[in-house]
$ cat coords.cif   # mmCIF, C-alpha atoms
data_query
#
loop_
_atom_site.label_atom_id
_atom_site.label_comp_id
_atom_site.auth_asym_id
_atom_site.auth_seq_id
_atom_site.Cartn_x
_atom_site.Cartn_y
_atom_site.Cartn_z
CA ASP M 148 120.02 140.32 83.53
CA ALA M 149 116.27 140.14 83.95
CA LYS M 150 114.89 136.60 84.02
CA THR M 151 111.57 137.59 82.48
CA THR M 152 110.41 138.31 78.95
CA GLN M 153 107.63 140.79 78.21
CA PRO M 154 106.26 142.35 75.03
CA THR M 155 107.71 145.78 74.38
CA SER M 156 104.37 147.52 74.06
CA MET M 157 100.62 146.95 74.14
CA ASP M 158 97.53 149.02 73.52
CA CYS M 159 94.23 148.73 75.36
CA ALA M 160 90.91 150.52 74.95
CA GLU M 161 89.69 152.45 77.96
CA GLY M 162 87.23 150.42 80.01
CA ARG M 163 88.42 147.11 78.65
CA ALA M 164 90.56 144.57 80.45
CA ALA M 165 94.29 144.82 79.90
CA ASN M 166 96.10 141.48 79.92
CA LEU M 167 99.87 141.78 80.21
CA PRO M 168 101.83 138.55 79.69
CA CYS M 169 105.18 137.60 81.15
CA ASN M 170 107.39 134.59 80.47
CA HIS M 171 109.71 133.31 83.19
CA SER M 172 110.65 129.81 82.10
CA THR M 173 113.69 129.55 84.41
CA ILE M 174 111.85 130.52 87.58
CA SER M 175 113.12 128.80 90.72
CA GLY M 176 110.93 127.20 93.34
CA ASN M 177 111.47 129.96 95.89
CA GLU M 178 110.98 132.88 93.51
CA TYR M 179 107.88 135.02 93.56
CA VAL M 180 106.46 136.86 90.57
CA TYR M 181 106.18 140.59 91.24
CA TRP M 182 104.55 143.27 89.16
CA TYR M 183 105.41 146.93 89.38
CA ARG M 184 104.47 149.82 87.15
CA GLN M 185 106.05 153.18 86.48
CA ILE M 186 104.01 156.10 85.33
CA HIS M 187 106.08 158.65 83.44
CA SER M 188 108.67 160.41 85.61
CA GLN M 189 107.43 158.83 88.85
CA GLY M 190 108.93 156.11 91.01
CA PRO M 191 107.77 152.54 90.34
CA GLN M 192 104.63 151.44 92.12
CA TYR M 193 104.06 147.96 93.54
CA ILE M 194 100.99 146.25 92.08
CA ILE M 195 100.82 142.62 93.13
CA HIS M 196 102.86 139.48 93.67
CA GLY M 197 102.33 135.73 93.85
CA LEU M 198 104.09 132.41 94.21
CA LYS M 199 101.87 129.82 92.54
CA ASN M 200 98.27 130.64 93.31
CA ASN M 201 96.29 133.27 91.50
CA GLU M 202 96.12 136.54 93.40
CA THR M 203 93.76 139.50 93.32
CA ASN M 204 93.81 142.87 95.00
CA GLU M 205 92.13 146.21 94.47
CA MET M 206 94.42 147.06 91.59
CA ALA M 207 94.78 143.88 89.56
CA SER M 208 94.70 140.12 89.28
CA LEU M 209 97.70 137.87 88.76
CA ILE M 210 97.30 134.56 86.99
CA ILE M 211 100.26 132.16 87.22
CA THR M 212 100.32 129.01 85.11
CA GLU M 213 100.51 125.67 86.86
CA ASP M 214 104.11 125.09 85.76
CA ARG M 215 104.93 128.66 86.88
CA LYS M 216 106.73 129.39 83.64
CA SER M 217 104.48 132.28 82.72
CA SER M 218 101.99 134.69 84.21
CA THR M 219 99.47 137.34 83.22
CA LEU M 220 98.66 140.59 84.96
CA ILE M 221 95.06 141.64 84.44
CA LEU M 222 93.80 145.18 84.90
CA PRO M 223 90.04 144.54 84.76
CA HIS M 224 88.85 147.97 83.61
CA ALA M 225 91.75 149.97 82.25
CA THR M 226 91.65 153.75 82.53
CA LEU M 227 93.83 156.41 80.97
CA ARG M 228 95.68 156.67 84.28
CA ASP M 229 96.85 153.07 83.84
CA THR M 230 99.09 154.14 80.96
CA ALA M 231 102.55 153.19 82.23
CA VAL M 232 105.46 150.81 81.85
CA TYR M 233 104.69 147.52 83.57
CA TYR M 234 107.51 145.39 84.93
CA CYS M 235 107.34 141.68 85.69
CA ILE M 236 110.10 140.74 88.14
CA LEU M 237 111.20 137.56 89.87
CA SER M 238 112.44 137.89 93.42
CA GLY M 239 112.86 135.71 96.41
CA ASN M 240 115.05 134.55 99.20
CA TYR M 241 118.48 133.69 97.83
CA GLY M 242 120.59 131.77 100.31
CA GLY M 243 119.23 133.70 103.25
CA SER M 244 119.80 137.11 101.68
CA GLN M 245 116.83 138.95 100.26
CA GLY M 246 117.23 139.56 96.55
CA ASN M 247 117.13 142.94 94.96
CA LEU M 248 114.71 143.84 92.18
CA ILE M 249 116.14 143.29 88.71
CA PHE M 250 114.12 145.34 86.26
CA GLY M 251 113.90 144.43 82.60
CA LYS M 252 112.56 146.78 79.96
CA GLY M 253 108.92 146.07 80.81
CA THR M 254 105.81 146.53 78.70
CA LYS M 255 104.67 150.00 77.79
CA LEU M 256 100.89 149.89 78.09
CA SER M 257 98.99 152.64 76.32
CA VAL M 258 95.33 152.96 77.26
CA LYS M 259 93.43 154.79 74.55
CA PRO M 260 90.05 156.55 74.77
CA LYS E 148 101.36 156.90 106.71
CA ALA E 149 103.80 159.17 104.88
CA GLY E 150 105.48 157.74 101.81
CA VAL E 151 109.14 157.57 100.90
CA THR E 152 110.67 161.01 100.58
CA GLN E 153 113.79 161.96 98.69
CA THR E 154 115.73 165.18 98.76
CA PRO E 155 116.59 167.11 96.78
CA ARG E 156 114.21 166.43 93.90
CA TYR E 157 116.44 168.08 91.31
CA LEU E 158 120.15 168.72 91.29
CA ILE E 159 122.65 170.10 88.81
CA LYS E 160 126.33 169.42 89.38
CA THR E 161 129.54 169.86 87.45
CA ARG E 162 131.76 167.01 86.33
CA GLY E 163 134.30 166.15 89.01
CA GLN E 164 132.15 167.30 91.92
CA GLN E 165 130.53 165.02 94.45
CA VAL E 166 126.90 164.77 95.48
CA THR E 167 124.91 163.39 98.39
CA LEU E 168 121.29 162.31 98.04
CA SER E 169 118.96 161.59 100.92
CA CYS E 170 116.11 159.14 101.39
CA SER E 171 113.65 158.86 104.27
CA PRO E 172 111.83 155.53 104.28
CA ILE E 173 108.30 154.80 105.37
CA SER E 174 108.04 154.69 109.14
CA GLY E 175 108.83 151.19 110.41
CA HIS E 176 110.65 150.12 107.26
CA ARG E 177 114.19 148.97 107.93
CA SER E 178 115.41 148.30 104.41
CA VAL E 179 116.37 150.96 101.90
CA SER E 180 117.45 150.18 98.36
CA TRP E 181 118.84 152.57 95.78
CA TYR E 182 118.38 152.38 92.02
CA GLN E 183 119.69 154.38 89.08
CA GLN E 184 117.46 154.92 86.05
CA THR E 185 118.79 156.11 82.71
CA PRO E 186 117.20 155.97 79.26
CA GLY E 187 119.89 153.64 77.99
CA GLN E 188 120.28 151.20 80.89
CA GLY E 189 116.85 151.37 82.48
CA LEU E 190 116.45 150.74 86.21
CA GLN E 191 119.58 149.33 87.80
CA PHE E 192 120.11 148.27 91.39
CA LEU E 193 122.84 150.14 93.26
CA PHE E 194 122.77 148.81 96.81
CA GLU E 195 120.55 147.85 99.72
CA TYR E 196 120.91 148.72 103.38
CA PHE E 197 119.24 146.94 106.23
CA SER E 198 119.74 147.88 109.87
CA GLU E 199 122.66 150.16 108.98
CA THR E 200 124.50 147.41 107.08
CA GLN E 201 124.96 147.10 103.35
CA ARG E 202 123.36 143.79 102.49
CA ASN E 203 123.46 143.76 98.70
CA LYS E 204 125.43 145.65 96.11
CA GLY E 205 124.96 146.07 92.39
CA ASN E 206 127.60 146.36 89.72
CA PHE E 207 128.62 149.99 90.09
CA PRO E 208 132.06 151.53 90.60
CA GLY E 209 133.33 152.47 94.04
CA ARG E 210 132.49 156.13 93.36
CA PHE E 211 128.97 155.17 94.38
CA SER E 212 128.56 154.63 98.09
CA GLY E 213 125.86 154.79 100.67
CA ARG E 214 125.05 154.52 104.32
CA GLN E 215 122.08 154.08 106.57
CA PHE E 216 121.48 155.70 109.92
CA SER E 217 119.94 154.25 113.05
CA ASN E 218 116.56 155.82 112.16
CA SER E 219 116.70 153.97 108.80
CA ARG E 220 117.22 157.13 106.80
CA SER E 221 119.76 156.59 104.06
CA GLU E 222 122.14 158.64 102.00
CA MET E 223 123.99 157.84 98.84
CA ASN E 224 127.07 159.62 97.66
CA VAL E 225 128.63 159.84 94.24
CA SER E 226 132.15 161.19 94.07
CA THR E 227 134.03 162.54 91.05
CA LEU E 228 130.89 162.92 89.01
CA GLU E 229 130.92 161.96 85.35
CA LEU E 230 128.53 163.01 82.61
CA GLY E 231 127.18 159.46 82.53
CA ASP E 232 126.01 159.76 86.11
CA SER E 233 123.16 161.97 84.96
CA ALA E 234 120.11 159.94 85.90
CA LEU E 235 117.05 159.59 88.06
CA TYR E 236 118.08 158.13 91.41
CA LEU E 237 115.34 156.25 93.17
CA CYS E 238 115.19 154.86 96.64
CA ALA E 239 112.77 152.25 97.84
CA SER E 240 111.92 151.10 101.31
CA SER E 241 110.45 147.89 102.59
CA PHE E 242 109.88 146.22 105.92
CA THR E 243 112.40 143.43 105.43
CA GLY E 244 113.96 144.30 102.12
CA GLY E 245 114.80 142.57 98.89
CA GLY E 246 112.02 140.60 97.34
CA TYR E 247 109.22 141.91 99.45
CA GLU E 248 107.03 144.80 98.40
CA GLN E 249 109.16 147.85 97.90
CA TYR E 250 107.78 151.36 98.02
CA PHE E 251 109.56 153.87 95.87
CA GLY E 252 110.12 157.54 96.37
CA PRO E 253 109.71 160.14 93.61
CA GLY E 254 113.42 160.16 92.85
CA THR E 255 116.16 162.74 92.57
CA ARG E 256 116.91 163.95 89.07
CA LEU E 257 120.68 164.53 88.85
CA THR E 258 122.14 166.37 85.89
CA VAL E 259 125.91 166.48 85.49
CA THR E 260 127.27 169.17 83.17
#

$ encode --input "coords.cif" --output "structure tokens"
Amino acid sequence: DAKTTQPTSMDCAEGRAANLPCNHSTISGNEYVYWYRQIHSQGPQYIIHGLKNNETNEMASLIITEDRKSSTLILPHATLRDTAVYYCILSGNYGGSQGNLIFGKGTKLSVKP
Amino acid sequence: KAGVTQTPRYLIKTRGQQVTLSCSPISGHRSVSWYQQTPGQGLQFLFEYFSETQRNKGNFPGRFSGRQFSNSRSEMNVSTLELGDSALYLCASSFTGGGYEQYFGPGTRLTVT
């Protein structure tokens, strides 16, 4: 089972920031927070990941709380092409064997004009 | 750099038949993971191969199998197809596998009639 909890759906106005929350209260010390998204009928796309520091790349920013029990993915200026299902996933090194990705149901983000 | 490619993109098979799907990872990537996506169960991990060895396996029956070749290309096979095997099959490649950034292909849409 997925170890993260996300809202089922969210709406965002085009051009505004989209803030997608994720709860992961049972996160282990060696687990990273990963974000992927899946645009309809395409394969998932990697967005960003982090351990405990905030991260930013050309696509998004990731804010992780100090206790690491929750995080927020921020799309600074959402466009219609950002409409997708966004998955928050925990993954790390489990006893020397790399973990697989366990997808939950994600958040369906709808960006509206 | 070319992305992950999967062949065929669409496939229709009859119950009881078997099917082989192919995945070519990004050049230099040694890990290939396979996932099944259905409307009811979402994205589920099937197995992961790294350097021609199965390193992780999900909770699927033995009818689902895979292999990886020395050039990192991977195939998955499903024998004795059932109607419930109709799904989008996705493969993902990464440099080391597991929790690190995975790059997904477009998937193979399998329909079992």

$ resolve_selection --input "coords.cif" --expression "the PyMOL selection byres ((chain M) within 12 of (chain E))" --output "PyMOL selection string"
chain M and resi 148-149+177-198+232+234+236-241+243-253

$ atom_distance --input "coords.cif" --atom1 "CA of Ser172 (chain M)" --atom2 "CA of Lys199 (chain M)"
13.6 Å

$ atom_distance --input "coords.cif" --atom1 "CA of Phe216 (chain E)" --atom2 "CA of Val166 (chain E)"
17.9 Å

$ atom_distance --input "coords.cif" --atom1 "CA of Asn206 (chain E)" --atom2 "CA of Asn218 (chain E)"
26.7 Å

$ residues_around --input "coords.cif" --residues "Asp232 (chain E)" --least-positions-apart "2" --cutoff "10 Å" --atoms "only C-alpha atoms" --output "CSV table (one decimal) with C-alpha atoms, in the coordinates of the input"
chain,number,residue,atom,x,y,z
E,162,ARG,CA,131.8,167.0,86.3
E,183,GLN,CA,119.7,154.4,89.1
E,184,GLN,CA,117.5,154.9,86.0
E,185,THR,CA,118.8,156.1,82.7
E,211,PHE,CA,129.0,155.2,94.4
E,225,VAL,CA,128.6,159.8,94.2
E,227,THR,CA,134.0,162.5,91.0
E,228,LEU,CA,130.9,162.9,89.0
E,229,GLU,CA,130.9,162.0,85.4
E,230,LEU,CA,128.5,163.0,82.6
E,234,ALA,CA,120.1,159.9,85.9
E,235,LEU,CA,117.0,159.6,88.1
E,236,TYR,CA,118.1,158.1,91.4
E,257,LEU,CA,120.7,164.5,88.8
E,258,THR,CA,122.1,166.4,85.9
E,259,VAL,CA,125.9,166.5,85.5
E,260,THR,CA,127.3,169.2,83.2

$ resolve_selection --input "coords.cif" --expression "the PyMOL selection byres ((chain M and resi 155) around 6)" --output "list of chain:residue names"
M:Pro154, M:Ser156, M:Thr254
